[in-house]
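Take a look at the structure below.
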Amino acid sequence: MGFEILLAILAVALVQTFVVKPFGVPSQSMEQTLRIGDRIIVNRTNPSVERGDIVVFSHGATWQEARLPEAGNPVVKAARAFGDLTGIGPSNTAYTVKRVIGVPGDRVSCCDAEGRVLVGGEPLDEPYVHEDHTFDAPDLTCESTPRSSRCFPEITVPADRLLVLGDHRSQSADSVVNCRGGTDPQGCARFVPVNRVVGPVVFRIWPLDTFGRVNAD
């Protein structure tokens with residue numbers, strides 16, 4: 001019996017490490033595409049990342065850190081170690097889900113005269129955006145005083161990094177949260193290392209009435 005349980009744990013661990021891994025959506029930052037409490041499946045067999053993909057990535061207490069601070073409680077420490085080994089339960093890593101807007105080398109800014117995000121000077125068509133920051137021409141734009149909080153200066157995405165945004169723009173602590181309303185791009189953006197991307201979100205398994213493939217468009 002114990003051997004069978006061990007084999008089952010090993011099988012789950014291998015599947016979550018190399019094939020697919022489930023995650024829960026903890027915040028409203030990706031509404032209406034993903035909602036709080038959704039259970040999603042990430043494809044771990046696809047190493048490529050493209051603009052527009054919805055991805056899960058790992059980090060520590062901040063995006064700059066790779067792991068969470070070490071737990072002082074021995075029970076929590078043991079639970080995290082088990083999670084790291086098997087992919088089951090808590091671990092020493094936190095996870096966040098966002099949409100990829102800029103890949104290495106992209107120049108990303110906001111906004112054009114219609115309030116759209118630009119990549120390489122070209123506006124994006126983003127039908128998935130929900131409750132964006134207020135942009136009301138001609139009274140509240142990137143040229144007005146005060147400046148619209150939707151606006152951010154042109155940011156060049158470094159090599160091996162990604163610029164990510166939430167679909168619920170006004171409620172998303174994303175790559176440009178510290179750049180909004182500003183004009184100086186130096187040091188304001190936070191990027192996701194490509195090697196910390198777990199994979200693209202491909203499926204939703206809960207709630208049952210939304211069961212099915214997650215459409216990134």
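Here, A, B, ... name the chains of the structure tokens in the order displayed, residue numbers run from 1 inside each chain, and ligands are numbered from 1 in the same displayed order.
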
inquiry  = Residues near stretch 148-157 of chain A, anyone? I mean within 7 Å using only C-alpha atoms, not counting same-chain ones fewer than 6 positions away, as a ChimeraX atom specification.
reply    = /A:102-111,133-135,140-142,163,179-185

request  = Give the alpha helix (DSSP H) residues of chain A, as DSSP finds them on the backbone, and put them as a PyMOL selection string.
outcome  = chain A and resi 2-18+74-86

request  = Please provide the set of residues having any atom within 7 Å of A:Val202, restricted to only C-alpha atoms, with same-chain residues fewer than 3 positions apart removed, written as a PyMOL selection string.
outcome  = chain A and resi 41-43+213-214

Test item, strand (DSSP E or B) assignment across stretch 14-205 of chain A, answer as a PyMOL selection string = chain A and resi 20-24+39-43+54-59+94-102+107-110+117-119+122-123+136+140+152-156+161-165+192-193+197-205

Please identify all polymer residues within 7 Å of stretch 51-67 of chain A, counting only C-alpha atoms, omitting same-chain residues fewer than 6 positions from it, and present them as a short mmCIF file (atom, residue, chain, number, x, y, z; two decimals) with all heavy atoms, in the first residue's frame.
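Wrote around.cif, looks like this:
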```cif
data_model
loop_
_atom_site.label_atom_id
_atom_site.label_comp_id
_atom_site.auth_asym_id
_atom_site.auth_seq_id
_atom_site.Cartn_x
_atom_site.Cartn_y
_atom_site.Cartn_z
N ASN A 92 8.77 26.74 -2.11
CA ASN A 92 9.61 27.90 -1.81
C ASN A 92 9.56 28.93 -2.93
O ASN A 92 10.39 29.83 -2.99
CB ASN A 92 11.05 27.46 -1.58
CG ASN A 92 11.22 26.76 -0.24
OD1 ASN A 92 11.04 27.37 0.81
ND2 ASN A 92 11.54 25.48 -0.27
N THR A 93 8.56 28.79 -3.79
CA THR A 93 8.40 29.70 -4.93
C THR A 93 6.96 30.19 -4.99
O THR A 93 6.03 29.43 -4.75
CB THR A 93 8.74 28.97 -6.24
OG1 THR A 93 10.03 28.37 -6.13
CG2 THR A 93 8.76 29.93 -7.40
N ALA A 94 6.79 31.47 -5.33
CA ALA A 94 5.46 32.02 -5.60
C ALA A 94 5.25 32.07 -7.11
O ALA A 94 6.22 32.04 -7.88
CB ALA A 94 5.34 33.42 -4.99
N TYR A 95 3.99 32.14 -7.51
CA TYR A 95 3.67 32.13 -8.93
C TYR A 95 2.66 33.24 -9.26
O TYR A 95 1.78 33.55 -8.46
CB TYR A 95 3.09 30.78 -9.35
CG TYR A 95 4.07 29.64 -9.20
CD1 TYR A 95 4.10 28.89 -8.03
CD2 TYR A 95 4.97 29.34 -10.21
CE1 TYR A 95 5.00 27.84 -7.88
CE2 TYR A 95 5.88 28.30 -10.06
CZ TYR A 95 5.89 27.56 -8.89
OH TYR A 95 6.80 26.55 -8.75
N THR A 96 2.82 33.82 -10.44
CA THR A 96 1.93 34.88 -10.90
C THR A 96 1.55 34.61 -12.35
O THR A 96 2.35 34.05 -13.11
CB THR A 96 2.63 36.26 -10.80
OG1 THR A 96 2.86 36.55 -9.42
CG2 THR A 96 1.79 37.37 -11.41
N VAL A 97 0.34 35.01 -12.73
CA VAL A 97 -0.12 34.84 -14.11
C VAL A 97 -0.38 36.21 -14.72
O VAL A 97 -1.03 37.06 -14.12
CB VAL A 97 -1.38 33.94 -14.19
CG1 VAL A 97 -2.51 34.50 -13.34
CG2 VAL A 97 -1.84 33.76 -15.63
N LYS A 98 0.19 36.45 -15.92
CA LYS A 98 0.02 37.71 -16.64
C LYS A 98 0.06 37.41 -18.14
O LYS A 98 0.35 36.30 -18.58
CB LYS A 98 1.13 38.71 -16.32
CG LYS A 98 1.24 39.13 -14.87
CD LYS A 98 0.11 40.03 -14.43
CE LYS A 98 0.33 40.49 -12.98
NZ LYS A 98 -0.86 41.14 -12.42
N ARG A 99 -0.18 38.46 -18.93
CA ARG A 99 -0.13 38.35 -20.39
C ARG A 99 1.17 38.97 -20.89
O ARG A 99 1.55 40.08 -20.48
CB ARG A 99 -1.32 39.05 -21.03
CG ARG A 99 -1.39 38.88 -22.56
CD ARG A 99 -2.57 39.65 -23.13
NE ARG A 99 -3.85 39.14 -22.68
CZ ARG A 99 -4.54 38.17 -23.27
NH1 ARG A 99 -4.04 37.59 -24.37
NH2 ARG A 99 -5.71 37.78 -22.81
N VAL A 100 1.85 38.28 -21.80
CA VAL A 100 3.09 38.79 -22.40
C VAL A 100 2.75 39.86 -23.42
O VAL A 100 2.03 39.61 -24.38
CB VAL A 100 3.89 37.65 -23.06
CG1 VAL A 100 5.14 38.21 -23.75
CG2 VAL A 100 4.28 36.60 -22.04
N ILE A 101 3.30 41.06 -23.21
CA ILE A 101 3.10 42.17 -24.15
C ILE A 101 4.38 42.49 -24.90
O ILE A 101 4.34 42.83 -26.09
CB ILE A 101 2.59 43.42 -23.40
CG1 ILE A 101 1.26 43.14 -22.71
CG2 ILE A 101 2.48 44.62 -24.34
CD1 ILE A 101 0.13 42.79 -23.67
N GLY A 102 5.51 42.39 -24.23
CA GLY A 102 6.80 42.66 -24.87
C GLY A 102 7.77 41.52 -24.70
O GLY A 102 7.95 41.01 -23.60
N VAL A 103 8.39 41.11 -25.79
CA VAL A 103 9.45 40.08 -25.77
C VAL A 103 10.79 40.79 -25.95
O VAL A 103 10.84 41.99 -26.23
CB VAL A 103 9.20 39.02 -26.87
CG1 VAL A 103 7.89 38.30 -26.63
CG2 VAL A 103 9.20 39.65 -28.26
N ARG A 196 12.16 31.88 -15.99
CA ARG A 196 11.26 31.63 -14.87
C ARG A 196 9.82 31.39 -15.32
O ARG A 196 8.93 31.22 -14.50
CB ARG A 196 11.29 32.81 -13.89
CG ARG A 196 12.58 32.88 -13.10
CD ARG A 196 12.39 33.70 -11.85
NE ARG A 196 13.66 34.23 -11.39
CZ ARG A 196 13.80 35.37 -10.74
NH1 ARG A 196 12.74 36.11 -10.50
NH2 ARG A 196 14.99 35.78 -10.34
N VAL A 197 9.60 31.39 -16.61
CA VAL A 197 8.26 31.10 -17.12
C VAL A 197 8.00 29.61 -17.02
O VAL A 197 8.76 28.79 -17.56
CB VAL A 197 8.11 31.57 -18.59
CG1 VAL A 197 6.77 31.11 -19.15
CG2 VAL A 197 8.22 33.09 -18.66
N VAL A 198 6.94 29.24 -16.32
CA VAL A 198 6.58 27.82 -16.18
C VAL A 198 5.99 27.32 -17.49
O VAL A 198 6.28 26.21 -17.93
CB VAL A 198 5.57 27.63 -15.03
CG1 VAL A 198 5.19 26.16 -14.89
CG2 VAL A 198 6.15 28.17 -13.73
N GLY A 199 5.17 28.15 -18.13
CA GLY A 199 4.58 27.77 -19.41
C GLY A 199 3.33 28.58 -19.68
O GLY A 199 2.86 29.33 -18.82
N PRO A 200 2.76 28.43 -20.86
CA PRO A 200 1.52 29.13 -21.21
C PRO A 200 0.30 28.46 -20.59
O PRO A 200 0.25 27.24 -20.43
CB PRO A 200 1.49 29.04 -22.74
CG PRO A 200 2.23 27.78 -23.04
CD PRO A 200 3.31 27.66 -22.00
N VAL A 201 -0.68 29.27 -20.26
CA VAL A 201 -1.95 28.74 -19.76
C VAL A 201 -2.76 28.21 -20.94
O VAL A 201 -2.97 28.93 -21.92
CB VAL A 201 -2.75 29.84 -19.03
CG1 VAL A 201 -4.12 29.32 -18.59
CG2 VAL A 201 -1.96 30.37 -17.84
N ALA A 216 -6.44 32.98 -25.60
CA ALA A 216 -5.58 34.11 -25.27
C ALA A 216 -5.95 35.37 -26.05
O ALA A 216 -5.42 36.45 -25.76
CB ALA A 216 -4.11 33.76 -25.54
#
```

request  = Have a look at A:Arg147, A:His130, A:Arg204, A:Arg190 and name the one nearest to A:Gln171; count only C-alpha atoms.
outcome  =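 Of all the options, A:His130 lies closest to A:Gln171.
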
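Nearest-residue note for A:Ser48: choosing from A:Ala189, A:Ala78, A:Val194, A:Ala113, the minimum distance belongs to A:Val194, counting only C-alpha atoms.
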
message = Taking 4 positions as the minimum chain separation for residues in the same chain, which residues sit within 8 Å of stretch 16-29 of chain A when counting only C-alpha atoms? Answer as a PyMOL selection string.
response = chain A and resi 12+34-45+86-87+97-98+166-169+171-173
